[in-house]
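Let me begin by presenting the structure, written as structure tokens, before commenting on it.
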Amino acid sequence: MDKKIYIIHENDEWTIHLEKRLKELNLPYEKWHLDEGLVDLSKEPPQGVFYNRMSASSHTRDHRYAPELASITLDWLEDHNRKVINGSNALRFEVNKVKQYLALEKAGITTPKTIAAVGKENIIQAAKDLNIIPFITKHNRAGKGLGVQLFDSIPLLEMYLNGPLFEDSVDGITLIQEYIDNPNDSINRAEFINGKHLYTVKVKTDGSFQLCPADVCQIETNCPISQPVQVEQNCPVGDNASQDNKFTIIEEENTDLIKKMEAFLKENKIDVSGIEYIKDASGKIYAYDVNTNTNYNPDAEALEGKYAMLELAKYLGKELESI
């Protein structure tokens with residue numbers, strides 16, 4: 001069988017742009033949609049390059065065990081010395097924000113103060129121990145802003161936990177984290193391919209915690225019902241929400257930070273990633289999310305003439321040639 005590029009994923013909508021670029025470059029590829037499946041340990045994997053873009057938010061698309069299936073698939077591939085882009089260690093980062101924060105801090109990259117908790121009573125205790133107002137909650141295994149809520153008091157957190165809107169993280173771990181307020185209501189997302197910085201995009205938050213740059217994300221309307229426990233609604237889009245220039249590619253000024261991020265990716269065997277960071281009013285920078293199944297915003301790219309999926313396809317093609 002001829003060698004090809006294999007895309008390991010669970011969401012067809014997130015592979016469309018990559019497939020387009022692979023076709024443009026006349027590169028052979030096959031998709032492995034791992035929402036369900038089997039892994040025969042007695043057989044050898046095919047020859048090729050295997051690009052893992054499994055998502056921590058797969059359970060929101062009724063693919064509850066896709067990351068687990070991807071994990072054993074990656075173990076199988078690596079055991080047979082296949083070329084894997086974003087291998088098993090990258091997947092461990094994708095589904096575990098605690099692992100992200102510990103490794104970022106080890107790399108000299110500041111993260112917000114965070115406490116992990118399991119159980120409602122411990123979530124409340126964690127907020128008390130954090131002793132920072134306001135604060136946010138988020139899911140440890142997340143994506144799409146899952147579980148992110150902003151609070152300005154412990155009683156409001158208690159109301160939320162005991163109310164109908166509370167949704168536990170799929171792994172049972174809730175993070176209580178200091179809220180970093182950017183005066184310009186924006187965050188930055190640095191994109192890396194082959195461990196090297198490609199570009200940085202500025203994202204207008206507009207009070208939202210759902211900052212997926214993919215075009216398909218910009219037409220979702222999954223806003224929760226407004227309740228007193230919410231200081232601000234977690235509404236990424238809506239009929240009255242303008243998406244004009246929400247994503248803008250900018251010149252990266254934080255060169256020392258980018259060098260640290262590249263070193264972080266190399267140390268932790270992550271080949272393709274988007275790392276989100278925010279600057280507070282004093283200018284201090286905090287990194288708070290590592291996306292190993294990163295997406296790109298086509299409108300922002302068209303304005304700058306930079307196309308990450310094209311660069312990714314070229315990278316995968318070069319890796320295919322090398323085996």
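For the structure tokens, the naming scheme is as follows: chains receive sequential letters (A, B, ...) according to their order of presentation, residues are indexed from 1 within each chain, and ligands are indexed from 1 in presentation order.
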
Problem - All strand (DSSP E or B) residues (DSSP, backbone) inside stretch 64-275 of chain A, as a count of residues only - result: 45

Handout entry: Residues within 10 Å of A:Thr248, only C-alpha atoms, excluding chain neighbours under 5 positions, as a PyMOL selection string
Key = chain A and resi 188+200-204+297+299-301+303-304

Could I get the residues of stretch 88-200 of chain A with an atom no further than 12 Å from an atom of stretch 36-51 of chain A, each paired with its nearest atom pair and that distance in Å to one decimal, using only C-alpha atoms, sorted by chain and residue number, as a tab-separated table?
```
residue	atom	partner	partner_atom	distance
A:Ser88	CA	A:Tyr51	CA	11.0
A:Ala90	CA	A:Tyr51	CA	11.0
A:Leu91	CA	A:Tyr51	CA	11.3
A:Asn194	CA	A:Tyr51	CA	11.7
```

Selection to disk with N, CA and C atoms, as a short mmCIF file (atom, residue, chain, number, x, y, z; two decimals), in the first residue's frame:
```
data_model
loop_
_atom_site.label_atom_id
_atom_site.label_comp_id
_atom_site.auth_asym_id
_atom_site.auth_seq_id
_atom_site.Cartn_x
_atom_site.Cartn_y
_atom_site.Cartn_z
N SER A 88 1.19 11.04 21.28
CA SER A 88 0.48 10.73 22.51
C SER A 88 0.69 11.78 23.59
N ALA A 90 1.17 15.02 23.11
CA ALA A 90 0.35 16.18 22.74
C ALA A 90 -1.10 15.95 23.12
N LEU A 91 -1.58 14.72 22.94
CA LEU A 91 -2.97 14.43 23.30
C LEU A 91 -3.18 14.54 24.81
N ASN A 194 5.16 22.86 13.12
CA ASN A 194 6.49 22.25 13.25
C ASN A 194 7.27 22.90 14.39
#
```

Exercise for the section: Mind checking which residues fall within 12 Å of A:Asp289, counting only C-alpha atoms, ignoring those fewer than 6 positions away in the same chain, and posting them as a PyMOL selection string? Expected result: chain A and resi 93-104+109-112+138-145+187-190+209+211-212+261+273-278

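The gap separating atom CA of A:Leu74 from atom CA of A:Lys269 is 13.4 Å, in Å to one decimal.
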
Exercise for the section: Using only C-alpha atoms, find the one residue out of A:Ile249, A:Val170, A:Met54, A:Val148 that sits nearest to A:Ala302. Expected result: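 Using only C-alpha atoms, A:Ala302 sits closest to A:Ile249.
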
Neighbouring residues of A:Asp152 were defined as those with any atom within 8 Å, considering only C-alpha atoms; residues of the same chain fewer than 3 positions away were excluded. Please report them as a PDB file with N, CA and C atoms, in the first residue's frame.
```pdb
ATOM      1  N   ILE A 133     -10.862  37.920  43.885  1.00  0.00           N
ATOM      2  CA  ILE A 133     -12.140  38.324  43.309  1.00  0.00           C
ATOM      3  C   ILE A 133     -11.876  39.340  42.217  1.00  0.00           C
ATOM      4  N   PRO A 134     -12.461  39.185  41.018  1.00  0.00           N
ATOM      5  CA  PRO A 134     -13.301  38.063  40.592  1.00  0.00           C
ATOM      6  C   PRO A 134     -12.462  36.846  40.212  1.00  0.00           C
ATOM      7  N   PHE A 135     -13.154  35.735  39.987  1.00  0.00           N
ATOM      8  CA  PHE A 135     -12.498  34.501  39.575  1.00  0.00           C
ATOM      9  C   PHE A 135     -13.383  33.787  38.563  1.00  0.00           C
ATOM     10  N   LEU A 156     -22.367  33.723  44.882  1.00  0.00           N
ATOM     11  CA  LEU A 156     -22.828  33.513  43.511  1.00  0.00           C
ATOM     12  C   LEU A 156     -22.339  32.177  42.969  1.00  0.00           C
ATOM     13  N   VAL A 231     -21.881  36.686  36.016  1.00  0.00           N
ATOM     14  CA  VAL A 231     -21.510  38.093  35.949  1.00  0.00           C
ATOM     15  C   VAL A 231     -21.609  38.583  34.518  1.00  0.00           C
TER      16      VAL A 231
END
```

Practice task
Please identify all polymer residues within 8 Å of A:Ala117, counting only C-alpha atoms, omitting same-chain residues fewer than 4 positions from it, and present them as a ChimeraX atom specification.
Solution key: /A:122-123,126,173-176

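The protein and nucleic acid residues lying at most 8 Å from A:Tyr199 are Ala190, Glu191, Phe192, Ile249, Ile250, Glu251 and Glu252 of chain A, with only C-alpha atoms considered and sequence neighbours fewer than 3 positions away removed.
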
Non-local contacts of A:Tyr29 (8 Å; only C-alpha atoms; under 4 positions in same chain excluded) as a short mmCIF file (atom, residue, chain, number, x, y, z; two decimals) with C-alpha atoms, in the first residue's frame:
```
data_model
loop_
_atom_site.label_atom_id
_atom_site.label_comp_id
_atom_site.auth_asym_id
_atom_site.auth_seq_id
_atom_site.Cartn_x
_atom_site.Cartn_y
_atom_site.Cartn_z
CA LYS A 4 -0.15 8.63 2.71
CA ILE A 5 -1.11 11.24 5.30
CA TYR A 6 -3.63 10.07 7.89
CA ILE A 7 -5.76 12.62 9.75
CA LEU A 22 -3.80 18.66 0.70
#
```

Practice task
Kindly indicate which residue among A:Leu316, A:Tyr296, A:Asn184, A:Glu267 lies nearest to A:Gly283, using only C-alpha atoms for the distances.
Solution key: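 The closest residue to A:Gly283 is A:Asn184.
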
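Closest approach to A:Ile285 among A:Ala107, A:Ile180, A:Ile16, A:Leu161: A:Ile180, based on only C-alpha atoms.
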